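Take a look at the structure below.
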Amino acid sequence: HELDKLQKAADVAPVSPFYAVLLMDGDQLGKQMSDQLKQDGITEGLSEFTKGVNNFVDQHDGFLIYAGGDDVLAILPLENALSCAAELRHFYNRCFEKYQGISTSISAAIQYTHIKMPLGSVLQNAHDLLDNVAKESRGRDAIACRVWKPGGLQIEWAMPWLVALDKSDPSKVVLETLADQFRASESDAESAQDQFASKFFYRIRERFDVLNPLKDKDGKVVNSDTKQAVGVFNNQDGFEKAVSLMAMEYINSGESVVSDMKTAQDIVRPLMAQCQYVVRALDDSGKVTLTVDYDRGFSADGALLVRFLAKKGIER
């Protein structure tokens, strides 16, 4: 209550009741330690990484709890966690690229946590998010996020880093760029986009349900003659059809300042790509492949995470 009074008196933005816990862990270095030719490179790379971590966490206004070997645990402001994780991944890769033959990557888990949640359970759950979602489900070299409110888990999103990162700026995550754009459109009170942006995100789950394949009670895809028939959206061409449908929704969702289809598609496309279920695979020769699991359809959680980040968890 006192904080609210101070915030009003100082005329500053509301303080978010959420903070972020970042957990990171290198992928498949342990296996390579048995190779004597790689041991020195691994030791030196890890030493360089461990020494450099605190600097990155500091730059993002965070507090480093632990950095040892290829493990990192830090607490950060909600808005800085994704970029900190992305920059640490870039730094980790740099630490090893000078050593021939060492193949490694780093995965990350971010828990966006309400201050009323017990920290012990949040930390325990972070390990589950890292091991079972970022590494196991998405094939490592991935980022996974969950949003926890006092009522429980609200959002879960995960993506291989190669898809999650902004191609024009590899230190930024696409969702973060989208959240910045969303926030900018909302802060312009004169713009009709304010009303439109919120309205579009508000019903995002129902909008995606129209695109997703029907499933039976066991979660298996059902072949159906409706517009949800398997095959409509299950390839790259189908993805573009889905983008066009959502672009129409985007135009029609309010007093939009965007009225032409191409602009709407360009706005919606990167968001839709972050809402797919993408799995990374690495073969013995070191070749990486990324596969979209079309049967899983689109998950609204990517879009809801954009909205959460843009609003810093504050529902007005």
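Within each chain, counting starts at residue 1; across the structure tokens, chains are named A, B, ... in the order shown, with ligands numbered 1 upward in that order.
Omitting Pro17 of chain A and its sequence neighbours fewer than 2 positions away, and counting only C-alpha atoms, the residues within 8 Å are Val15, Tyr19, His114, Ile115, Gly313 and Ile314 of chain A.
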Quick one: write out the picked residues with C-alpha atoms as a PDB file, in the first residue's frame?
```pdb
ATOM      1  CA  VAL A  15       6.297  -1.823  -9.793  1.00  0.00           C
ATOM      2  CA  TYR A  19      10.827 -11.279 -10.617  1.00  0.00           C
ATOM      3  CA  HIS A 114       5.079 -13.700  -8.199  1.00  0.00           C
ATOM      4  CA  ILE A 115       6.620 -12.430  -4.949  1.00  0.00           C
ATOM      5  CA  GLY A 313       2.627  -8.950 -15.093  1.00  0.00           C
ATOM      6  CA  ILE A 314       0.525  -5.964 -13.997  1.00  0.00           C
TER       7      ILE A 314
END
```
Near-segment 240-245 of chain A list (7 Å; only C-alpha atoms; drop same-chain fewer than 2 positions) as a ChimeraX atom specification: /A:211,233,236-238,247-249,265,268-269,272
Emit the selected residues as an mmCIF file, in the first residue's frame, including all heavy atoms.
```cif
data_model
loop_
_atom_site.group_PDB
_atom_site.id
_atom_site.type_symbol
_atom_site.label_atom_id
_atom_site.label_comp_id
_atom_site.auth_asym_id
_atom_site.auth_seq_id
_atom_site.Cartn_x
_atom_site.Cartn_y
_atom_site.Cartn_z
ATOM 1 N N LEU A 211 -7.508 -23.110 -35.339
ATOM 2 C CA LEU A 211 -6.452 -23.569 -36.246
ATOM 3 C C LEU A 211 -5.951 -24.972 -35.908
ATOM 4 O O LEU A 211 -5.398 -25.665 -36.753
ATOM 5 C CB LEU A 211 -5.244 -22.615 -36.170
ATOM 6 C CG LEU A 211 -5.488 -21.131 -36.428
ATOM 7 C CD1 LEU A 211 -4.199 -20.354 -36.219
ATOM 8 C CD2 LEU A 211 -6.009 -20.903 -37.836
ATOM 9 N N PHE A 233 -3.134 -27.268 -41.904
ATOM 10 C CA PHE A 233 -2.055 -26.404 -41.418
ATOM 11 C C PHE A 233 -0.783 -27.191 -41.095
ATOM 12 O O PHE A 233 0.051 -26.732 -40.339
ATOM 13 C CB PHE A 233 -2.509 -25.636 -40.171
ATOM 14 C CG PHE A 233 -3.735 -24.809 -40.400
ATOM 15 C CD1 PHE A 233 -4.912 -25.068 -39.712
ATOM 16 C CD2 PHE A 233 -3.735 -23.767 -41.323
ATOM 17 C CE1 PHE A 233 -6.053 -24.306 -39.929
ATOM 18 C CE2 PHE A 233 -4.871 -23.002 -41.544
ATOM 19 C CZ PHE A 233 -6.028 -23.266 -40.846
ATOM 20 N N GLN A 236 4.611 -25.983 -44.136
ATOM 21 C CA GLN A 236 4.963 -24.560 -44.231
ATOM 22 C C GLN A 236 3.874 -23.756 -44.964
ATOM 23 O O GLN A 236 3.538 -22.643 -44.581
ATOM 24 C CB GLN A 236 6.316 -24.400 -44.939
ATOM 25 C CG GLN A 236 6.867 -22.983 -44.972
ATOM 26 C CD GLN A 236 7.006 -22.343 -43.586
ATOM 27 O OE1 GLN A 236 7.374 -23.005 -42.625
ATOM 28 N NE2 GLN A 236 6.695 -21.055 -43.475
ATOM 29 N N ASP A 237 3.302 -24.380 -45.988
ATOM 30 C CA ASP A 237 2.215 -23.728 -46.718
ATOM 31 C C ASP A 237 1.019 -23.515 -45.787
ATOM 32 O O ASP A 237 0.373 -22.472 -45.786
ATOM 33 C CB ASP A 237 1.826 -24.606 -47.922
ATOM 34 C CG ASP A 237 0.765 -23.928 -48.783
ATOM 35 O OD1 ASP A 237 0.939 -22.732 -49.072
ATOM 36 O OD2 ASP A 237 -0.224 -24.586 -49.147
ATOM 37 N N GLY A 238 0.754 -24.527 -44.974
ATOM 38 C CA GLY A 238 -0.331 -24.433 -43.990
ATOM 39 C C GLY A 238 -0.066 -23.354 -42.953
ATOM 40 O O GLY A 238 -0.986 -22.654 -42.507
ATOM 41 N N ALA A 247 -4.046 -12.875 -39.396
ATOM 42 C CA ALA A 247 -3.897 -11.477 -39.838
ATOM 43 C C ALA A 247 -5.279 -10.832 -40.007
ATOM 44 O O ALA A 247 -5.492 -9.677 -39.634
ATOM 45 C CB ALA A 247 -3.105 -11.412 -41.134
ATOM 46 N N MET A 248 -6.234 -11.606 -40.554
ATOM 47 C CA MET A 248 -7.609 -11.106 -40.687
ATOM 48 C C MET A 248 -8.199 -10.813 -39.304
ATOM 49 O O MET A 248 -8.845 -9.790 -39.089
ATOM 50 C CB MET A 248 -8.497 -12.128 -41.406
ATOM 51 C CG MET A 248 -8.352 -12.145 -42.908
ATOM 52 S SD MET A 248 -8.609 -10.531 -43.681
ATOM 53 C CE MET A 248 -10.286 -10.164 -43.211
ATOM 54 N N GLU A 249 -7.962 -11.748 -38.363
ATOM 55 C CA GLU A 249 -8.432 -11.558 -36.984
ATOM 56 C C GLU A 249 -7.822 -10.276 -36.409
ATOM 57 O O GLU A 249 -8.471 -9.509 -35.713
ATOM 58 C CB GLU A 249 -8.002 -12.752 -36.114
ATOM 59 C CG GLU A 249 -8.805 -14.004 -36.347
ATOM 60 C CD GLU A 249 -10.124 -13.968 -35.597
ATOM 61 O OE1 GLU A 249 -10.282 -13.132 -34.694
ATOM 62 O OE2 GLU A 249 -11.014 -14.767 -35.923
ATOM 63 N N GLN A 265 -0.018 -9.403 -41.835
ATOM 64 C CA GLN A 265 0.690 -10.690 -41.888
ATOM 65 C C GLN A 265 2.110 -10.554 -41.343
ATOM 66 O O GLN A 265 2.584 -11.426 -40.607
ATOM 67 C CB GLN A 265 0.749 -11.201 -43.333
ATOM 68 C CG GLN A 265 -0.578 -11.760 -43.825
ATOM 69 C CD GLN A 265 -0.553 -12.030 -45.319
ATOM 70 O OE1 GLN A 265 0.101 -11.327 -46.086
ATOM 71 N NE2 GLN A 265 -1.272 -13.052 -45.750
ATOM 72 N N VAL A 268 1.928 -10.456 -37.576
ATOM 73 C CA VAL A 268 1.465 -11.700 -36.951
ATOM 74 C C VAL A 268 2.453 -12.865 -37.139
ATOM 75 O O VAL A 268 2.617 -13.702 -36.252
ATOM 76 C CB VAL A 268 0.064 -12.073 -37.525
ATOM 77 C CG1 VAL A 268 -0.321 -13.493 -37.194
ATOM 78 C CG2 VAL A 268 -0.987 -11.099 -37.004
ATOM 79 N N ARG A 269 3.152 -12.887 -38.293
ATOM 80 C CA ARG A 269 3.998 -14.048 -38.634
ATOM 81 C C ARG A 269 5.045 -14.402 -37.565
ATOM 82 O O ARG A 269 5.128 -15.545 -37.131
ATOM 83 C CB ARG A 269 4.657 -13.848 -39.997
ATOM 84 C CG ARG A 269 5.386 -15.097 -40.516
ATOM 85 C CD ARG A 269 5.995 -14.885 -41.888
ATOM 86 N NE ARG A 269 4.977 -14.785 -42.929
ATOM 87 C CZ ARG A 269 4.615 -13.654 -43.543
ATOM 88 N NH1 ARG A 269 5.220 -12.507 -43.231
ATOM 89 N NH2 ARG A 269 3.678 -13.651 -44.468
ATOM 90 N N MET A 272 3.357 -15.989 -34.572
ATOM 91 C CA MET A 272 2.870 -17.351 -34.847
ATOM 92 C C MET A 272 4.023 -18.366 -34.847
ATOM 93 O O MET A 272 3.889 -19.482 -34.366
ATOM 94 C CB MET A 272 2.163 -17.389 -36.206
ATOM 95 C CG MET A 272 0.961 -16.487 -36.323
ATOM 96 S SD MET A 272 -0.464 -17.144 -35.476
ATOM 97 C CE MET A 272 -0.972 -18.426 -36.600
#
```
DSSP strand (DSSP E) residues within segment 26-159 of chain A, listed as a VMD selection string: chain A and resid 26 to 27 63 to 68 71 to 77 105 to 114 142 to 149 152 to 159
Per-residue nearest contacts of segment 32-118 of chain A to segment 276-300 of chain A (12 Å; only C-alpha atoms) as a tab-separated table:
```
residue	atom	partner	partner_atom	distance
A:Gly101	CA	A:Gly286	CA	10.2
A:Ile102	CA	A:Gly286	CA	10.6
A:Ser103	CA	A:Gly286	CA	7.8
A:Thr104	CA	A:Gly286	CA	10.1
A:Ser105	CA	A:Leu282	CA	11.0
A:Ser107	CA	A:Arg280	CA	11.9
```
Output N, CA, C and O atoms for every residue in that selection, as a compact mmCIF listing (two decimals), in the first residue's frame.
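What ended up in result.txt:
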```txt
# COMPACT_ATOMS: atom_id res chain seq x y z
N GLY A 101 36.98 -29.36 -31.92
CA GLY A 101 36.37 -30.66 -31.61
C GLY A 101 35.46 -30.70 -30.40
O GLY A 101 34.85 -31.72 -30.12
N ILE A 102 35.38 -29.61 -29.63
CA ILE A 102 34.48 -29.62 -28.46
C ILE A 102 33.10 -29.15 -28.92
O ILE A 102 32.93 -28.05 -29.43
N SER A 103 32.12 -30.03 -28.76
CA SER A 103 30.76 -29.73 -29.23
C SER A 103 29.88 -29.50 -28.01
O SER A 103 29.64 -30.43 -27.24
N THR A 104 29.44 -28.27 -27.82
CA THR A 104 28.59 -28.00 -26.67
C THR A 104 27.63 -26.85 -26.96
O THR A 104 27.80 -26.11 -27.94
N SER A 105 26.62 -26.73 -26.13
CA SER A 105 25.65 -25.63 -26.21
C SER A 105 25.15 -25.45 -24.78
O SER A 105 25.54 -26.19 -23.88
N SER A 107 21.56 -24.60 -22.35
CA SER A 107 20.10 -24.43 -22.27
C SER A 107 19.76 -23.55 -21.06
O SER A 107 20.55 -23.44 -20.12
```
Backbone DSSP call of alpha helix (DSSP H) for segment 68-294 of chain A, listed as a VMD selection string: chain A and resid 81 to 97 119 to 128 161 to 164 174 to 187 193 to 202 204 to 211 236 to 252 261 to 273
Polymer residues at most 7 Å from Val21 of chain A, only C-alpha atoms, same-chain spacing of 3 or more positions, as an mmCIF file with all heavy atoms, in the first residue's frame:
```cif
data_model
loop_
_atom_site.group_PDB
_atom_site.id
_atom_site.type_symbol
_atom_site.label_atom_id
_atom_site.label_comp_id
_atom_site.auth_asym_id
_atom_site.auth_seq_id
_atom_site.Cartn_x
_atom_site.Cartn_y
_atom_site.Cartn_z
ATOM 1 N N ALA A 74 20.675 -17.290 -11.183
ATOM 2 C CA ALA A 74 20.629 -15.851 -10.892
ATOM 3 C C ALA A 74 19.190 -15.380 -10.744
ATOM 4 O O ALA A 74 18.259 -16.008 -11.267
ATOM 5 C CB ALA A 74 21.312 -15.069 -12.015
ATOM 6 N N ILE A 75 19.030 -14.279 -10.017
ATOM 7 C CA ILE A 75 17.719 -13.626 -9.880
ATOM 8 C C ILE A 75 17.807 -12.278 -10.590
ATOM 9 O O ILE A 75 18.781 -11.537 -10.420
ATOM 10 C CB ILE A 75 17.350 -13.449 -8.392
ATOM 11 C CG1 ILE A 75 17.066 -14.831 -7.775
ATOM 12 C CG2 ILE A 75 16.133 -12.542 -8.225
ATOM 13 C CD1 ILE A 75 16.716 -14.823 -6.308
ATOM 14 N N LEU A 76 16.807 -11.989 -11.418
ATOM 15 C CA LEU A 76 16.841 -10.778 -12.259
ATOM 16 C C LEU A 76 15.490 -10.090 -12.288
ATOM 17 O O LEU A 76 14.459 -10.721 -12.028
ATOM 18 C CB LEU A 76 17.202 -11.164 -13.700
ATOM 19 C CG LEU A 76 18.604 -11.716 -13.932
ATOM 20 C CD1 LEU A 76 18.557 -12.966 -14.789
ATOM 21 C CD2 LEU A 76 19.485 -10.669 -14.597
ATOM 22 N N ILE A 110 13.742 -20.032 -17.393
ATOM 23 C CA ILE A 110 13.393 -18.808 -16.667
ATOM 24 C C ILE A 110 12.040 -19.002 -15.996
ATOM 25 O O ILE A 110 11.060 -19.348 -16.655
ATOM 26 C CB ILE A 110 13.333 -17.580 -17.609
ATOM 27 C CG1 ILE A 110 14.713 -17.298 -18.218
ATOM 28 C CG2 ILE A 110 12.837 -16.345 -16.845
ATOM 29 C CD1 ILE A 110 14.710 -16.200 -19.279
ATOM 30 N N GLN A 111 12.017 -18.788 -14.678
ATOM 31 C CA GLN A 111 10.764 -18.827 -13.929
ATOM 32 C C GLN A 111 10.373 -17.386 -13.603
ATOM 33 O O GLN A 111 11.079 -16.704 -12.855
ATOM 34 C CB GLN A 111 10.975 -19.583 -12.600
ATOM 35 C CG GLN A 111 11.413 -21.018 -12.763
ATOM 36 C CD GLN A 111 10.233 -21.961 -12.783
ATOM 37 O OE1 GLN A 111 9.336 -21.825 -13.602
ATOM 38 N NE2 GLN A 111 10.221 -22.930 -11.895
ATOM 39 N N TYR A 112 9.284 -16.919 -14.189
ATOM 40 C CA TYR A 112 8.740 -15.609 -13.823
ATOM 41 C C TYR A 112 7.798 -15.841 -12.647
ATOM 42 O O TYR A 112 6.770 -16.506 -12.780
ATOM 43 C CB TYR A 112 7.992 -14.983 -15.002
ATOM 44 C CG TYR A 112 8.897 -14.637 -16.157
ATOM 45 C CD1 TYR A 112 8.940 -15.436 -17.303
ATOM 46 C CD2 TYR A 112 9.730 -13.521 -16.100
ATOM 47 C CE1 TYR A 112 9.784 -15.121 -18.359
ATOM 48 C CE2 TYR A 112 10.568 -13.199 -17.158
ATOM 49 C CZ TYR A 112 10.594 -14.002 -18.280
ATOM 50 O OH TYR A 112 11.435 -13.682 -19.317
#
```
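Closest approach to Tyr92 of chain A from the set A:Asn125, A:Asn235, A:Asn212, A:Thr50 is made by A:Thr50, with distances taken over only C-alpha atoms.
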All residues 7 Å or closer to Tyr250 of chain A, only C-alpha atoms, same chain fewer than 4 positions away omitted, as a list in words: Phe200, Met246 and Ala264 of chain A
Residues of the last selection are to be written out with N, CA and C atoms, as a PDB file, in the first residue's frame.
```
ATOM      1  N   PHE A 200      -6.879  -8.278 -29.239  1.00  0.00           N
ATOM      2  CA  PHE A 200      -6.348  -9.380 -30.032  1.00  0.00           C
ATOM      3  C   PHE A 200      -5.765 -10.468 -29.133  1.00  0.00           C
ATOM      4  N   MET A 246      -5.003 -15.420 -39.073  1.00  0.00           N
ATOM      5  CA  MET A 246      -4.781 -14.623 -37.870  1.00  0.00           C
ATOM      6  C   MET A 246      -4.596 -13.142 -38.219  1.00  0.00           C
ATOM      7  N   ALA A 264      -0.448  -6.622 -41.783  1.00  0.00           N
ATOM      8  CA  ALA A 264      -0.965  -7.458 -40.694  1.00  0.00           C
ATOM      9  C   ALA A 264      -0.252  -8.814 -40.658  1.00  0.00           C
TER      10      ALA A 264
END
```
Residue neighbourhood Asp25 of chain A, 6 Å, only C-alpha atoms, exclusion window fewer than 4 positions, as number ranges by chain: A: 70-71, 106-107
Quick one: write out the picked residues with N, CA and C atoms as a short mmCIF file (atom, residue, chain, number, x, y, z; two decimals), in the first residue's frame?
```cif
data_model
loop_
_atom_site.label_atom_id
_atom_site.label_comp_id
_atom_site.auth_asym_id
_atom_site.auth_seq_id
_atom_site.Cartn_x
_atom_site.Cartn_y
_atom_site.Cartn_z
N ASP A 70 29.55 -25.18 -15.87
CA ASP A 70 28.59 -24.67 -16.87
C ASP A 70 27.21 -24.42 -16.26
N ASP A 71 27.15 -24.28 -14.93
CA ASP A 71 25.88 -24.01 -14.24
C ASP A 71 25.78 -22.54 -13.84
N ILE A 106 24.30 -24.46 -24.56
CA ILE A 106 23.78 -24.24 -23.21
C ILE A 106 22.27 -23.98 -23.26
N SER A 107 21.56 -24.60 -22.35
CA SER A 107 20.10 -24.43 -22.27
C SER A 107 19.76 -23.55 -21.06
#
```
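With only C-alpha atoms as the atoms that count, the minimum distance from Arg183 of chain A to the choices A:Phe239, A:Phe96, A:Phe308, A:Phe49 is reached by A:Phe308.
Computed from the coordinates, the atom CA of Gly26 of chain A to atom CA of Asp141 of chain A distance equals 8.4 Å.
Take the candidates A:Ala67, A:Val258, A:Ala126, A:Ala310 and check each one against Trp148 of chain A using only C-alpha atoms; the shortest distance goes to A:Ala126.
For the residues A:Ala303, A:Leu178, A:Met24, A:Ala9, ranking by smallest atom-to-atom distance to Leu130 of chain A using only C-alpha atoms places A:Met24 first.
Across the structure, atom CA of Ala158 of chain A and atom CA of Val133 of chain A are spaced 7.1 Å apart.
Here atom CA of Lys172 of chain A stands at a distance of 27.0 Å from atom CA of Arg203 of chain A.
If you measure from each of A:Glu87, A:Asp301, A:Asp58, A:Asp260 to Leu153 of chain A using only C-alpha atoms, the closest one turns out to be A:Asp301.
Proximity of A:Val306, A:Cys275, A:Leu119, A:Leu73 to Gln181 of chain A, computed with only C-alpha atoms, is greatest for A:Val306.
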Shell of 12 Å around Lys167 of chain A, only C-alpha atoms, local chain residues under 6 positions omitted, as a short mmCIF file (atom, residue, chain, number, x, y, z; two decimals) with all heavy atoms, in the first residue's frame:
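So around24.cif came out as:
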```cif
data_model
loop_
_atom_site.label_atom_id
_atom_site.label_comp_id
_atom_site.auth_asym_id
_atom_site.auth_seq_id
_atom_site.Cartn_x
_atom_site.Cartn_y
_atom_site.Cartn_z
N TRP A 161 17.02 -22.29 -29.13
CA TRP A 161 17.59 -20.95 -29.26
C TRP A 161 17.63 -20.47 -30.71
O TRP A 161 17.43 -19.29 -30.99
CB TRP A 161 19.02 -20.93 -28.71
CG TRP A 161 19.17 -20.78 -27.23
CD1 TRP A 161 19.73 -21.69 -26.37
CD2 TRP A 161 18.81 -19.65 -26.42
NE1 TRP A 161 19.73 -21.20 -25.08
CE2 TRP A 161 19.17 -19.95 -25.09
CE3 TRP A 161 18.22 -18.41 -26.70
CZ2 TRP A 161 18.97 -19.06 -24.03
CZ3 TRP A 161 18.01 -17.52 -25.65
CH2 TRP A 161 18.38 -17.85 -24.34
N VAL A 173 15.83 -11.88 -27.86
CA VAL A 173 14.86 -12.94 -28.10
C VAL A 173 13.66 -12.32 -28.81
O VAL A 173 13.22 -11.22 -28.48
CB VAL A 173 14.45 -13.58 -26.75
CG1 VAL A 173 13.37 -14.63 -26.93
CG2 VAL A 173 15.68 -14.20 -26.08
N VAL A 174 13.13 -13.03 -29.83
CA VAL A 174 12.02 -12.50 -30.63
C VAL A 174 10.84 -12.07 -29.75
O VAL A 174 10.27 -11.00 -29.95
CB VAL A 174 11.54 -13.55 -31.68
CG1 VAL A 174 10.30 -13.06 -32.40
CG2 VAL A 174 12.65 -13.84 -32.68
N THR A 177 11.37 -8.64 -28.37
CA THR A 177 11.17 -7.61 -29.39
C THR A 177 9.67 -7.37 -29.58
O THR A 177 9.22 -6.21 -29.66
CB THR A 177 11.81 -8.05 -30.73
OG1 THR A 177 13.18 -8.35 -30.49
CG2 THR A 177 11.72 -6.97 -31.77
N PRO A 270 5.87 -13.42 -37.10
CA PRO A 270 6.87 -13.79 -36.09
C PRO A 270 6.25 -14.30 -34.79
O PRO A 270 6.81 -15.19 -34.14
CB PRO A 270 7.66 -12.49 -35.86
CG PRO A 270 6.92 -11.40 -36.53
CD PRO A 270 6.02 -12.01 -37.54
#
```
Met159 of chain A surroundings by only C-alpha atoms, 6 Å radius, close-in-sequence under 2 positions cut, as a ChimeraX atom specification: /A:142-143,164
Keeping only all heavy atoms, take the residues you just selected and write them out as a PDB file, in the first residue's frame.
```pdb
ATOM      1  N   ALA A 142      18.265 -24.794 -25.908  1.00  0.00           N
ATOM      2  CA  ALA A 142      16.902 -24.247 -25.941  1.00  0.00           C
ATOM      3  C   ALA A 142      16.643 -23.383 -24.712  1.00  0.00           C
ATOM      4  O   ALA A 142      17.372 -23.446 -23.720  1.00  0.00           O
ATOM      5  CB  ALA A 142      15.882 -25.386 -26.007  1.00  0.00           C
ATOM      6  N   ILE A 143      15.583 -22.593 -24.820  1.00  0.00           N
ATOM      7  CA  ILE A 143      15.137 -21.741 -23.714  1.00  0.00           C
ATOM      8  C   ILE A 143      13.710 -22.148 -23.348  1.00  0.00           C
ATOM      9  O   ILE A 143      12.899 -22.417 -24.237  1.00  0.00           O
ATOM     10  CB  ILE A 143      15.207 -20.247 -24.106  1.00  0.00           C
ATOM     11  CG1 ILE A 143      14.499 -19.327 -23.107  1.00  0.00           C
ATOM     12  CG2 ILE A 143      14.605 -19.975 -25.481  1.00  0.00           C
ATOM     13  CD1 ILE A 143      15.363 -18.780 -22.049  1.00  0.00           C
ATOM     14  N   ALA A 164      14.308 -19.055 -31.263  1.00  0.00           N
ATOM     15  CA  ALA A 164      13.910 -18.031 -30.279  1.00  0.00           C
ATOM     16  C   ALA A 164      14.626 -16.705 -30.476  1.00  0.00           C
ATOM     17  O   ALA A 164      14.078 -15.646 -30.184  1.00  0.00           O
ATOM     18  CB  ALA A 164      14.174 -18.538 -28.860  1.00  0.00           C
TER      19      ALA A 164
END
```
